[in-house]
Amino acid sequence: MKYYIACDGGGSKLEGLLYDEDFNVIRTARRGGVNVLFMDEDAAWNNIATLIDELTDCGRYKVERVDACIVGNSREMMD
């Protein structure tokens with residue numbers, strides 16, 4: 001079975017879901033914001049990592065792909 005993650009994040013929250021190849025939702029999770037225009041970059045990355053760990057049950061589910069829509073200054077986080 002293949003698993004995927006979809007996420008949506010901004011200044012106040014990051015929401016995500018884990019679903020399988022048949023589009024069945026397996027788990028959902030919600031964490032704090034990820035927009036580095038309003039928060040520390042380390043805190044944003046921590047929210048992302050914590051969400052991924054929770055969705056994958058700390059690696060129990062092997063994920064094929066993560067799709068994310070995250071509002072903010074992505075160049076700053078990528079440098």
# chains A, B, ... in the order shown; residues from 1 in each chain; ligands from 1

call {"tool": "select_by_dssp", "arguments": {"residues": "chain A", "states": "strand (DSSP E or B)", "output": "ChimeraX atom specification"}}
result
/A:3-9,14-20,25-31,63-70

call {"tool": "write_last_selection", "arguments": {"atoms": "C-alpha atoms", "output": "JSON list (two decimals), in the first residue's frame"}}
result
[["chain", "number", "residue", "atom", "x", "y", "z"],
["A", 3, "TYR", "CA", 0.75, 6.45, 1.46],
["A", 4, "TYR", "CA", 0.74, 10.18, 0.81],
["A", 5, "ILE", "CA", 0.59, 13.38, 2.87],
["A", 6, "ALA", "CA", -1.20, 16.63, 1.99],
["A", 7, "CYS", "CA", -0.61, 19.77, 4.08],
["A", 8, "ASP", "CA", -1.86, 23.33, 4.23],
["A", 9, "GLY", "CA", -0.13, 25.88, 6.42],
["A", 14, "LEU", "CA", -0.47, 23.70, 9.77],
["A", 15, "GLU", "CA", -3.00, 21.00, 8.96],
["A", 16, "GLY", "CA", -2.23, 17.72, 7.27],
["A", 17, "LEU", "CA", -3.61, 14.35, 6.43],
["A", 18, "LEU", "CA", -2.19, 10.96, 5.59],
["A", 19, "TYR", "CA", -4.09, 9.03, 2.95],
["A", 20, "ASP", "CA", -3.58, 5.82, 1.01],
["A", 25, "VAL", "CA", -7.85, 9.15, 5.02],
["A", 26, "ILE", "CA", -5.72, 7.30, 7.58],
["A", 27, "ARG", "CA", -4.80, 10.09, 10.00],
["A", 28, "THR", "CA", -5.12, 13.84, 10.41],
["A", 29, "ALA", "CA", -3.06, 16.26, 12.47],
["A", 30, "ARG", "CA", -2.85, 19.96, 13.28],
["A", 31, "ARG", "CA", 0.09, 22.02, 14.56],
["A", 63, "VAL", "CA", 5.26, 7.98, 2.54],
["A", 64, "GLU", "CA", 5.67, 8.15, -1.25],
["A", 65, "ARG", "CA", 5.08, 11.90, -1.56],
["A", 66, "VAL", "CA", 4.26, 15.02, 0.44],
["A", 67, "ASP", "CA", 2.29, 17.85, -1.17],
["A", 68, "ALA", "CA", 2.17, 21.10, 0.77],
["A", 69, "CYS", "CA", 0.77, 24.57, 0.34],
["A", 70, "ILE", "CA", 2.58, 26.82, 2.82]]

call {"tool": "select_by_dssp", "arguments": {"residues": "chain A", "states": "helix (DSSP H, G or I)", "output": "list of chain:residue names"}}
result
A:Glu41, A:Asp42, A:Ala43, A:Ala44, A:Trp45, A:Asn46, A:Asn47, A:Ile48, A:Ala49, A:Thr50, A:Leu51, A:Ile52, A:Asp53, A:Glu54, A:Leu55, A:Ser74, A:Arg75, A:Glu76, A:Met77, A:Met78

call {"tool": "closest_residue", "arguments": {"among": "A:Lys2, A:Ile52, A:Glu21, A:Lys13", "to": "Asn35 (chain A)", "atoms": "only C-alpha atoms"}}
result
A:Lys13

call {"tool": "closest_residue", "arguments": {"among": "A:Tyr61, A:Val34, A:Gly72, A:Gly10", "to": "Asn46 (chain A)", "atoms": "only C-alpha atoms"}}
result
A:Val34

call {"tool": "atom_distance", "arguments": {"atom1": "CA of Gly11 (chain A)", "atom2": "CA of Phe38 (chain A)"}}
result
6.5 Å

call {"tool": "closest_residue", "arguments": {"among": "A:Thr50, A:Val71, A:Gly59, A:Glu41", "to": "Ser12 (chain A)", "atoms": "only C-alpha atoms"}}
result
A:Val71

call {"tool": "atom_distance", "arguments": {"atom1": "CA of Trp45 (chain A)", "atom2": "CA of Asn24 (chain A)"}}
result
27.1 Å

call {"tool": "atom_distance", "arguments": {"atom1": "CA of Cys58 (chain A)", "atom2": "CA of Leu37 (chain A)"}}
result
28.5 Å

call {"tool": "closest_residue", "arguments": {"among": "A:Lys62, A:Gly33, A:Glu54, A:Asp42", "to": "Met1 (chain A)", "atoms": "only C-alpha atoms"}}
result
A:Lys62
